[in-house]
Every structure is written in structure tokens, then in C-alpha cells.
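Participant: Right, I'll just put the structure down here and ask away after.
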Amino acid sequence: MSVEALKGGPRRRATRLGAAAVPRVLPLSVGLFLLSLFIAFQISLGPLKLSASRGLLLVLLVPLTLRVLRGGAGRLLVSDAAMVAFCVWVFLGMTLRHGLAEAIEFGGINVIETLGAYFLGRCMIRDAASFAAMVRVMFGIMLFLTPFALLETVTGYNLLLHLTNAILPSQPEVPPLRRLGLERVQATLDHPIHFGICIGAFVALTYRVLGFGQPALLRCARAGLVGGVAFLSLSSGALIAMVLQVALLVWSALTRRLRERWLLLALVAGGLVVFELSTGYFLDLVIGTIAFNPDTAFNRVRIFGFTLANIRAAPLFGIGLGDWVNLPGMSDSIDMFWMLVALRHGLPAGLLMLIGFLWLPLTLATRKITDPRVRAYREGYVVTLAALFLALWTVHVWREAYVLVIFLLGSGSWMLGNGPAPQNEPKRRVPVTFSRSGRLSALSGVPSPSRSA
């Protein structure tokens, strides 16, 4: 046995940012949260509908917030301040537009879903082990949902919702809509779009995280399975998110020798956003090319223009929950997350949400990381958020889909390497045993499971 083993050196190295051996560890709170996203039961408390995910985040919000304030998730980040400021601005705007009672109801739910989901990712996903386990659990959930999704897309019969509604009031079924000869899969979520977003968001993470160190064929097969199941939603927004993930992975492979490849891509993306805000051409081109329904694509382009005009009319606090001005006969639905945030709560709220969403992946994209495993995880994380950022210009997400996106945002902060300050622990003796052959061995080098919330 080496002196290094007696001193516990391998154990200390394994718990660092770039641990080579990643055990299957997931905090209980995260596991329950991921499962709750696909539980359709809803409990009505007066005007509020409390879903499983909202109930869990409500319970966890205070302890998670205290942990962040005490440094349990590392130093405070720009994204932390932006998310808190976003919730404050939404509450202030709702108070001015609709009164204190409405602000407490809507703003309270917004705090639970935004800060609860974000702080859960920040506090409980703190290393490569928990990050990989999170992706592994989502992959398992996808496998469980696959036979039900196939049944629904072929027959139009949503077995999961029928079973849950027979027990307790659950999610209502959306009206059937066939595309390409198949029914759109809703599963237990609010809408088929949300099923596609929630499952399709894990294409790149499955490829880079679960596929780390695996043969290319196995990596592609797993990621392809995730994409295939998400495709059953037959949603243009989900398809855009998945196509972007594949495109960004290809970009990464082709520009691997380019040192600032992600910064270059971020500048290109920023230029496209500015170009889109001024002309609307890029959105028109992308939606018109990928959309399943050309009429829906044209309607989204019209919605973009009218939404922008409404934002200019109420730039500070938005229009609240009131009706927006559009043409007679146009749909009242605004399928653009970033635009709807600015429309309802004002440009400051939209800007704060953008800062909170973009700061972490942009910072990580330029951060020097030497460990190959963490570099692979970072790539999957940055690619996922970049794809979601662009896809959310074409779809709106709420409830389970929203909290999953915000949770994913917070789950990558550990890669910055700003973990909690180490505590001064008394030195422990390393357990030493003898094998049957009489050789001395030390039981060290295996990181202990992280504690759940």
C-alpha cells in the first residue's frame, strides 16, 4: 500500500471537480423532482392548482434559499441575482397592474417555480456524479414513457392520463391533432409541445454525459432514441431544439481545434438575435422551413410583429395578464417564451430573465477546464441551453416544462468550480484490511454519496 493511499489522497482527488470515477449518486430531492414532472395529479387549493412539482418545490424553497445564502452552493453568481431580481420585478409589476392579491397569487407561483427549480439545480447538483445521475434518471424516465408514447401516437389513446384521471383529477387531454398520419403525444404533460421539449432537451446530454467514454455507435443510438421519442410530439419547437443540438454537436466536432469556438458561436448567435429583432427574417426562414404546419408558421411570424408592437406600448411593466392588441381572427396564444415574458412583465423582466439564462452557459463556454469528463459534460450542458434558448423564441413553456428548463440552468453551476468552502474536519484514520493473500490494502478513493435535501 502506498503512502498516498494511507493519507487519503485518492479520496481527496475523487471529490474534486474533475473526478475520474463517477459513482451513481443523485440527491433524493432531485430524483423526486424529476419524477414529479411526469405525475399528472393536480390538487385545487382555491384558485390555485397545485401539481406534484409545485408542491415539492414549495416545500424545498425555503431550505434551498437558506443554503444558497449560507454559501452551500458556492459564491453568489450573476445569474442568482438576475433570477431573484426577475421575481421581484414580476411581483412589482403584477401589483401595479392587478393589485396585491393577484400579485401574491401569480407572483408567489412564479417565485416557487423560478427560484425553487433554479436553486434546486444550484444546490443539489454540485459535482459530476450528481450531474451524470440526473441525466441517467431522465433517460430512465424516457424509457418508461416510450411504450405509452408509441401507443398514444398510433391509436390516439392516452393510457397514462386515463389511468391517473381514474384515481384523482389530473391533466386534461388536448384535442387530438394528427400530423404525418400520427397523433401528437402529450403523455402526462400540459401539451405535446412540452412532451417534446422535456424529452428532447436531453439529446445532447445523453450523447455527451451518458456517452462519455462509450463507443460512438452506442452514444448515437442512445441520443437517437431520445430524439425519436421526443419527435412523437410532432412539435416544431421540439424539433428545432433537437436539430440545434445536433448542429451544435457537429459544430463542436468540426471546430475542436479552434480555441474560442464557443465564443465565436455566441457572437454569431447574438448577431442573429439582433438581426431578428430588427427584421424578423431569420425567424420566418427557420419556422417556415421546419414547421409541420405552414399556417402555424405564418401565424407565429405575425404574432412576433404584433407582440413587439405591444411591448413598445408598455415597455416598463408590460400589460400584465390583460389582453394584447392584435388583428381580429388572430390567435390569442403567443408561442414565444422570451417575447411573452417581456410582454407581460416589461422589458426589464425580459432582460433579467435573459441575463439569468445566458450568463452561466456563456461563462462556462469561456472557462478553461482541463478534465476531459467535465469538458464533455460542459459541452452537453452548453449545447442544451443554447438550443433551448433559440427554440424558446418559437414556443412558450409553463409549469412542468418551465421548471425543468430552469432546473437545467441551475444544474450546471458546479462546473465553474466555485464549490462551498471546505470545512476543517479532524483527520480520520484510513481503514486498513488484509486480503486473503496477506497483502495490505486501504479502503479509500471512493467518494461518499452526497446528502439529499
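Ordered as shown in the C-alpha cells, chains take letters A, B, and onward, while each chain numbers its residues from 1 and ligands are numbered from 1 in the order shown.
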With DSSP run on the backbone, what are the helix (DSSP H, G or I) residues within stretch 34-84 of chain A? I'd like them as number ranges by chain.
Facilitator: A: 34-36, 52-69, 78-84
Participant: Within 9 Å of A:Ser53, counting only C-alpha atoms, which residues show up once you throw out same-chain ones fewer than 6 positions away? Write them as a ChimeraX atom specification, please.
Facilitator: /A:32-39,113,399-400,403
Participant: Using N, CA and C atoms, can you export the residues from the last selection as a PDB file, in the first residue's frame?
Facilitator:
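Result file again12.pdb:
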```
ATOM      1  N   LEU A  32     -36.932  12.966  -6.763  1.00  0.00           N
ATOM      2  CA  LEU A  32     -38.366  13.202  -6.587  1.00  0.00           C
ATOM      3  C   LEU A  32     -38.857  14.304  -7.512  1.00  0.00           C
ATOM      4  N   PHE A  33     -38.042  15.326  -7.698  1.00  0.00           N
ATOM      5  CA  PHE A  33     -38.428  16.422  -8.582  1.00  0.00           C
ATOM      6  C   PHE A  33     -38.599  15.934 -10.020  1.00  0.00           C
ATOM      7  N   LEU A  34     -37.650  15.175 -10.529  1.00  0.00           N
ATOM      8  CA  LEU A  34     -37.731  14.683 -11.898  1.00  0.00           C
ATOM      9  C   LEU A  34     -38.955  13.788 -12.087  1.00  0.00           C
ATOM     10  N   LEU A  35     -39.232  12.946 -11.095  1.00  0.00           N
ATOM     11  CA  LEU A  35     -40.419  12.094 -11.187  1.00  0.00           C
ATOM     12  C   LEU A  35     -41.700  12.919 -11.119  1.00  0.00           C
ATOM     13  N   SER A  36     -41.700  13.962 -10.291  1.00  0.00           N
ATOM     14  CA  SER A  36     -42.914  14.773 -10.117  1.00  0.00           C
ATOM     15  C   SER A  36     -43.318  15.486 -11.393  1.00  0.00           C
ATOM     16  N   LEU A  37     -42.368  15.739 -12.290  1.00  0.00           N
ATOM     17  CA  LEU A  37     -42.685  16.421 -13.537  1.00  0.00           C
ATOM     18  C   LEU A  37     -43.656  15.620 -14.395  1.00  0.00           C
ATOM     19  N   PHE A  38     -43.662  14.307 -14.207  1.00  0.00           N
ATOM     20  CA  PHE A  38     -44.479  13.435 -15.049  1.00  0.00           C
ATOM     21  C   PHE A  38     -45.616  12.795 -14.261  1.00  0.00           C
ATOM     22  N   ILE A  39     -45.922  13.365 -13.088  1.00  0.00           N
ATOM     23  CA  ILE A  39     -47.098  12.950 -12.323  1.00  0.00           C
ATOM     24  C   ILE A  39     -48.213  13.942 -12.624  1.00  0.00           C
ATOM     25  N   GLU A 113     -41.787  28.418  -8.766  1.00  0.00           N
ATOM     26  CA  GLU A 113     -41.332  27.703  -9.954  1.00  0.00           C
ATOM     27  C   GLU A 113     -39.971  28.189 -10.444  1.00  0.00           C
ATOM     28  N   ARG A 399     -45.323  25.776 -16.330  1.00  0.00           N
ATOM     29  CA  ARG A 399     -45.429  24.676 -15.377  1.00  0.00           C
ATOM     30  C   ARG A 399     -44.271  23.689 -15.521  1.00  0.00           C
ATOM     31  N   GLU A 400     -44.572  22.392 -15.749  1.00  0.00           N
ATOM     32  CA  GLU A 400     -43.520  21.377 -15.705  1.00  0.00           C
ATOM     33  C   GLU A 400     -42.398  21.638 -16.708  1.00  0.00           C
ATOM     34  N   VAL A 403     -40.270  24.644 -15.315  1.00  0.00           N
ATOM     35  CA  VAL A 403     -39.412  24.362 -14.163  1.00  0.00           C
ATOM     36  C   VAL A 403     -38.266  23.426 -14.553  1.00  0.00           C
TER      37      VAL A 403
END
```
Participant: One number please: atom CA of A:Pro147 to atom CA of A:Ala133, in Å, one decimal.
Facilitator: 22.9 Å
Participant: Would you list the contacts of A:Leu404 as a PDB file with C-alpha atoms, in the first residue's frame, taking every protein, DNA or RNA residue within 8 Å and counting only C-alpha atoms, but skipping same-chain residues closer than 3 positions in sequence?
Facilitator:
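Result saved to out_1.pdb:
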```pdb
ATOM      1  CA  LEU A  37     -42.685  16.421 -13.537  1.00  0.00           C
ATOM      2  CA  ALA A 117     -36.316  24.990  -9.575  1.00  0.00           C
ATOM      3  CA  CYS A 198     -38.858  17.936 -21.833  1.00  0.00           C
ATOM      4  CA  GLU A 400     -43.520  21.377 -15.705  1.00  0.00           C
ATOM      5  CA  ALA A 401     -41.698  22.314 -18.909  1.00  0.00           C
ATOM      6  CA  PHE A 407     -33.668  23.487 -13.175  1.00  0.00           C
ATOM      7  CA  LEU A 408     -31.343  22.530 -16.024  1.00  0.00           C
TER       8      LEU A 408
END
```
Participant: I want to know what sits within 8 Å of A:Arg54, based on only C-alpha atoms, with residues of the same chain fewer than 4 positions away left out; could you give that as a count of residues only?
Facilitator: 4
